Structure formats: C-alpha cells, structure tokens
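Dumped entry.cif below, it's mmCIF, N, CA and C atoms:
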data_entry
#
loop_
_atom_site.label_atom_id
_atom_site.label_comp_id
_atom_site.auth_asym_id
_atom_site.auth_seq_id
_atom_site.Cartn_x
_atom_site.Cartn_y
_atom_site.Cartn_z
N PHE J 249 -3.50 -6.91 0.56
CA PHE J 249 -2.92 -8.12 0.02
C PHE J 249 -3.29 -9.28 0.91
N PRO J 250 -3.66 -10.39 0.35
CA PRO J 250 -3.92 -11.56 1.18
C PRO J 250 -2.62 -12.01 1.85
N SER J 251 -2.72 -12.37 3.09
CA SER J 251 -1.54 -12.81 3.80
C SER J 251 -1.88 -14.04 4.62
N HIS J 252 -0.99 -14.99 4.62
CA HIS J 252 -1.23 -16.22 5.37
C HIS J 252 -0.14 -16.43 6.42
N ASP J 253 0.43 -15.33 6.89
CA ASP J 253 1.44 -15.44 7.92
C ASP J 253 1.08 -14.53 9.08
N ASN J 254 1.87 -14.59 10.12
CA ASN J 254 1.60 -13.80 11.32
C ASN J 254 2.56 -12.64 11.49
N ARG J 255 3.25 -12.24 10.42
CA ARG J 255 4.18 -11.14 10.53
C ARG J 255 3.43 -9.83 10.78
N PRO J 256 3.98 -8.99 11.67
CA PRO J 256 3.33 -7.70 11.90
C PRO J 256 3.53 -6.78 10.70
N GLY J 257 2.64 -5.82 10.56
CA GLY J 257 2.76 -4.87 9.48
C GLY J 257 1.80 -5.24 8.37
N LYS J 258 0.64 -4.68 8.41
CA LYS J 258 -0.38 -4.99 7.41
C LYS J 258 -0.82 -3.72 6.71
N ILE J 259 -0.96 -3.81 5.41
CA ILE J 259 -1.44 -2.69 4.61
C ILE J 259 -2.55 -3.22 3.71
N ALA J 260 -3.65 -2.51 3.69
CA ALA J 260 -4.76 -2.86 2.82
C ALA J 260 -4.93 -1.76 1.78
N LEU J 261 -5.22 -2.16 0.56
CA LEU J 261 -5.51 -1.21 -0.51
C LEU J 261 -6.99 -1.33 -0.84
N SER J 262 -7.64 -0.20 -1.09
CA SER J 262 -9.07 -0.27 -1.38
C SER J 262 -9.42 0.49 -2.65
N THR J 263 -10.50 0.03 -3.27
CA THR J 263 -11.02 0.63 -4.48
C THR J 263 -12.53 0.40 -4.54
N THR J 264 -13.22 1.28 -5.23
CA THR J 264 -14.65 1.07 -5.46
C THR J 264 -14.91 0.66 -6.89
N TYR J 265 -13.84 0.49 -7.66
CA TYR J 265 -13.98 0.06 -9.04
C TYR J 265 -14.25 -1.44 -9.09
N GLU J 266 -14.72 -1.89 -10.22
CA GLU J 266 -15.05 -3.31 -10.39
C GLU J 266 -13.78 -4.17 -10.32
N GLY J 267 -13.94 -5.44 -10.50
CA GLY J 267 -12.89 -6.43 -10.32
C GLY J 267 -11.62 -6.26 -11.10
N GLY J 268 -11.63 -5.48 -12.17
CA GLY J 268 -10.43 -5.33 -12.98
C GLY J 268 -9.25 -4.76 -12.20
N VAL J 269 -9.52 -3.82 -11.32
CA VAL J 269 -8.44 -3.24 -10.52
C VAL J 269 -7.91 -4.28 -9.55
N LEU J 270 -8.80 -5.00 -8.92
CA LEU J 270 -8.36 -6.04 -7.98
C LEU J 270 -7.56 -7.13 -8.69
N ASP J 271 -8.02 -7.52 -9.87
CA ASP J 271 -7.27 -8.51 -10.65
C ASP J 271 -5.87 -8.01 -10.98
N ALA J 272 -5.77 -6.73 -11.33
CA ALA J 272 -4.46 -6.15 -11.66
C ALA J 272 -3.56 -6.11 -10.43
N VAL J 273 -4.12 -5.79 -9.26
CA VAL J 273 -3.33 -5.77 -8.03
C VAL J 273 -2.81 -7.16 -7.72
N VAL J 274 -3.65 -8.16 -7.86
CA VAL J 274 -3.22 -9.54 -7.60
C VAL J 274 -2.14 -9.95 -8.62
N MET J 275 -2.36 -9.61 -9.88
CA MET J 275 -1.40 -9.98 -10.92
C MET J 275 -0.02 -9.35 -10.70
N HIS J 276 0.00 -8.13 -10.18
CA HIS J 276 1.26 -7.38 -10.03
C HIS J 276 1.63 -7.19 -8.56
N ARG J 277 1.13 -8.08 -7.70
CA ARG J 277 1.33 -7.91 -6.27
C ARG J 277 2.79 -7.88 -5.84
N LEU J 278 3.64 -8.65 -6.48
CA LEU J 278 5.05 -8.65 -6.08
C LEU J 278 5.71 -7.31 -6.37
N ALA J 279 5.43 -6.74 -7.53
CA ALA J 279 5.98 -5.43 -7.86
C ALA J 279 5.41 -4.36 -6.94
N ILE J 280 4.13 -4.45 -6.63
CA ILE J 280 3.50 -3.48 -5.74
C ILE J 280 4.09 -3.60 -4.34
N ARG J 281 4.23 -4.81 -3.85
CA ARG J 281 4.82 -5.01 -2.51
C ARG J 281 6.23 -4.45 -2.45
N SER J 282 7.01 -4.73 -3.47
CA SER J 282 8.38 -4.25 -3.50
C SER J 282 8.43 -2.72 -3.46
N ALA J 283 7.59 -2.09 -4.25
CA ALA J 283 7.56 -0.63 -4.28
C ALA J 283 7.08 -0.05 -2.95
N ILE J 284 6.09 -0.69 -2.34
CA ILE J 284 5.59 -0.23 -1.04
C ILE J 284 6.67 -0.40 0.03
N LEU J 285 7.40 -1.49 -0.01
CA LEU J 285 8.49 -1.68 0.96
C LEU J 285 9.53 -0.58 0.84
N ALA J 286 9.81 -0.12 -0.38
CA ALA J 286 10.75 0.98 -0.56
C ALA J 286 10.22 2.25 0.09
N VAL J 287 8.92 2.51 -0.05
CA VAL J 287 8.31 3.68 0.59
C VAL J 287 8.42 3.55 2.11
N LEU J 288 8.07 2.39 2.63
CA LEU J 288 8.11 2.18 4.08
C LEU J 288 9.52 2.28 4.64
N SER J 289 10.50 1.80 3.88
CA SER J 289 11.87 1.83 4.39
C SER J 289 12.42 3.25 4.47
N SER J 290 11.82 4.16 3.71
CA SER J 290 12.28 5.55 3.76
C SER J 290 11.56 6.36 4.84
N ALA J 291 10.51 5.80 5.44
CA ALA J 291 9.76 6.50 6.48
C ALA J 291 10.48 6.35 7.82
N THR J 292 10.50 7.42 8.57
CA THR J 292 11.10 7.38 9.90
C THR J 292 10.00 7.38 10.96
N GLU J 293 10.38 7.05 12.17
CA GLU J 293 9.40 7.05 13.26
C GLU J 293 8.76 8.42 13.42
N SER J 294 9.56 9.46 13.31
CA SER J 294 9.01 10.81 13.47
C SER J 294 8.06 11.17 12.33
N ASP J 295 8.27 10.56 11.15
CA ASP J 295 7.36 10.81 10.02
C ASP J 295 5.95 10.33 10.30
N ILE J 296 5.82 9.28 11.08
CA ILE J 296 4.49 8.68 11.26
C ILE J 296 3.93 8.81 12.67
N ARG J 297 4.52 9.65 13.47
CA ARG J 297 3.99 9.87 14.83
C ARG J 297 2.67 10.62 14.80
N SER J 298 2.53 11.56 13.90
CA SER J 298 1.31 12.39 13.86
C SER J 298 0.29 11.80 12.88
N GLU J 299 -0.95 12.18 13.05
CA GLU J 299 -2.00 11.76 12.12
C GLU J 299 -1.69 12.27 10.72
N GLN J 300 -1.19 13.50 10.63
CA GLN J 300 -0.84 14.06 9.32
C GLN J 300 0.27 13.23 8.67
N GLY J 301 1.24 12.81 9.45
CA GLY J 301 2.32 11.99 8.93
C GLY J 301 1.82 10.63 8.45
N LYS J 302 0.89 10.04 9.20
CA LYS J 302 0.32 8.75 8.81
C LYS J 302 -0.47 8.89 7.51
N ARG J 303 -1.25 9.98 7.40
CA ARG J 303 -2.01 10.20 6.16
C ARG J 303 -1.07 10.40 4.97
N LYS J 304 0.02 11.11 5.21
CA LYS J 304 1.01 11.33 4.14
C LYS J 304 1.61 10.00 3.69
N LEU J 305 1.91 9.12 4.65
CA LEU J 305 2.45 7.81 4.31
C LEU J 305 1.41 6.98 3.56
N GLN J 306 0.16 7.01 4.01
CA GLN J 306 -0.91 6.28 3.31
C GLN J 306 -1.07 6.80 1.88
N ASP J 307 -1.00 8.11 1.71
CA ASP J 307 -1.10 8.68 0.36
C ASP J 307 0.08 8.24 -0.50
N ALA J 308 1.27 8.20 0.08
CA ALA J 308 2.45 7.77 -0.67
C ALA J 308 2.33 6.30 -1.07
N ILE J 309 1.79 5.47 -0.19
CA ILE J 309 1.59 4.05 -0.51
C ILE J 309 0.57 3.92 -1.64
N ARG J 310 -0.54 4.64 -1.54
CA ARG J 310 -1.57 4.60 -2.60
C ARG J 310 -0.97 5.04 -3.94
N ASP J 311 -0.26 6.16 -3.92
CA ASP J 311 0.33 6.68 -5.16
C ASP J 311 1.36 5.72 -5.74
N THR J 312 2.10 5.07 -4.87
CA THR J 312 3.10 4.10 -5.32
C THR J 312 2.43 2.89 -5.97
N ALA J 313 1.39 2.37 -5.33
CA ALA J 313 0.66 1.23 -5.90
C ALA J 313 0.06 1.61 -7.25
N ASN J 314 -0.53 2.79 -7.33
CA ASN J 314 -1.10 3.25 -8.60
C ASN J 314 -0.02 3.44 -9.65
N GLY J 315 1.14 3.91 -9.24
CA GLY J 315 2.25 4.07 -10.18
C GLY J 315 2.71 2.75 -10.77
N VAL J 316 2.75 1.72 -9.94
CA VAL J 316 3.11 0.39 -10.43
C VAL J 316 2.05 -0.09 -11.42
N LEU J 317 0.78 0.05 -11.06
CA LEU J 317 -0.28 -0.38 -11.97
C LEU J 317 -0.18 0.35 -13.31
N ALA J 318 0.00 1.66 -13.26
CA ALA J 318 0.10 2.45 -14.49
C ALA J 318 1.31 2.01 -15.33
N SER J 319 2.43 1.72 -14.66
CA SER J 319 3.63 1.32 -15.40
C SER J 319 3.46 -0.04 -16.07
N LYS J 320 2.50 -0.81 -15.58
CA LYS J 320 2.20 -2.13 -16.16
C LYS J 320 1.05 -2.07 -17.16
N GLY J 321 0.61 -0.84 -17.49
CA GLY J 321 -0.47 -0.68 -18.45
C GLY J 321 -1.85 -0.93 -17.89
N GLN J 322 -1.96 -0.89 -16.57
CA GLN J 322 -3.23 -1.14 -15.90
C GLN J 322 -3.84 0.17 -15.40
N PHE J 323 -5.13 0.17 -15.19
CA PHE J 323 -5.80 1.35 -14.66
C PHE J 323 -5.39 1.56 -13.20
N PRO J 324 -4.91 2.75 -12.85
CA PRO J 324 -4.49 3.02 -11.47
C PRO J 324 -5.69 3.37 -10.59
N GLY J 325 -6.45 2.37 -10.19
CA GLY J 325 -7.70 2.60 -9.50
C GLY J 325 -7.69 2.42 -8.00
N ILE J 326 -6.51 2.39 -7.39
CA ILE J 326 -6.45 2.28 -5.93
C ILE J 326 -6.83 3.65 -5.36
N GLU J 327 -7.84 3.66 -4.51
CA GLU J 327 -8.32 4.93 -3.97
C GLU J 327 -7.77 5.24 -2.58
N ALA J 328 -7.35 4.22 -1.85
CA ALA J 328 -6.84 4.46 -0.51
C ALA J 328 -5.94 3.31 -0.06
N ALA J 329 -5.01 3.64 0.80
CA ALA J 329 -4.19 2.65 1.48
C ALA J 329 -4.49 2.77 2.96
N HIS J 330 -4.61 1.64 3.63
CA HIS J 330 -4.93 1.62 5.05
C HIS J 330 -3.85 0.84 5.77
N ILE J 331 -3.25 1.46 6.74
CA ILE J 331 -2.23 0.78 7.54
C ILE J 331 -2.95 0.18 8.74
N THR J 332 -3.03 -1.14 8.77
CA THR J 332 -3.76 -1.81 9.84
C THR J 332 -2.82 -2.38 10.89
N GLY J 333 -1.54 -2.28 10.65
CA GLY J 333 -0.55 -2.71 11.62
C GLY J 333 0.82 -2.34 11.11
N LEU J 334 1.66 -1.81 11.98
CA LEU J 334 2.99 -1.39 11.55
C LEU J 334 3.94 -1.50 12.74
N VAL J 335 5.06 -2.14 12.52
CA VAL J 335 6.09 -2.26 13.56
C VAL J 335 7.30 -1.47 13.08
N ILE J 336 7.77 -0.58 13.93
CA ILE J 336 8.95 0.22 13.59
C ILE J 336 10.13 -0.37 14.34
N GLN J 337 11.20 -0.64 13.59
CA GLN J 337 12.38 -1.22 14.22
C GLN J 337 13.54 -0.27 14.10
#
Mind converting the file's structure to structure tokens?
Amino acid sequence: FPSHDNRPGKIALSTTYEGGVLDAVVMHRLAIRSAILAVLSSATESDIRSEQGKRKLQDAIRDTANGVLASKGQFPGIEAAHITGLVIQ
C-alpha cells in the first residue's frame, strides 16, 4: 500500500498479474487494510518469533487480502505478502 507517513509497520502485497489486480487493491484498500489489521491484532509475539511463524502470518495476510478482493467480485490475484517492518506493542 502506498504510504505517506512515518509510522512503523509496513506490509507490501505482490502479484505478477497485470494492472487489474493492482487497480482492485487500490480501489478496496480500506477494506483490505481493515481486514489485515484484524489479522495482525490476533498475532502474538510468540507467533512471529520464528521464520515459520512469520511465513504463516504472511500467508494469512495474503489470504485475507485475497478474501476481501473475492468478496468484492474481484480476482484474488495477490500472490504474496511481505512484512517490511513490524512493531509489536
């Protein structure tokens, strides 16, 4: 998601599909962000300490974003979620 602030905690979604998927992500970004925040709020520090836990969280974020797209009648073409920064409080 494009961000113009300095808040910690960055997540990138990636796809190899053409622009339609990206357009859909931009169009539904608020719903996707909200759903991803729900996933993140349920994760505990111990859940993401290991590489396996981080991959599981990334998969859950990807699946959640795709679920939002599908629920909006869009192609669920997000192939990966990348956590580029995360602060646990």
Output of the PyMOL selection byres ((chain J and resi 276-287) around 8), listed as a VMD selection string: chain J and resid 249 270 to 275 288 to 292 305 308 to 310 312 to 314 316 to 317
Ground truth for the PyMOL selection byres (((chain J and resi 302 and name CA) around 12) and name CA), written as a VMD selection string: chain J and resid 288 291 to 301 303 to 309 329 to 334
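The space separating atom CA of J:Ala318 from atom C of J:Lys258 comes to 22.1 Å.
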Å distance separating atom N of J:Glu327 from atom CA of J:Ser262, one decimal place: 5.2 Å
Distance of atom CA of J:Val269 from atom C of J:Ser319, expressed in Å to one decimal place: 13.5 Å
Every residue of chain J that DSSP places in strand (DSSP E), as a list of chain:residue names: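 Across chain J, those assigned strand (DSSP E) are J:Lys258, J:Ile259, J:Ala260, J:Leu261, J:Ser262, J:Ala328, J:Ala329, J:His330, J:Ile331, J:Thr332, J:Gly333.
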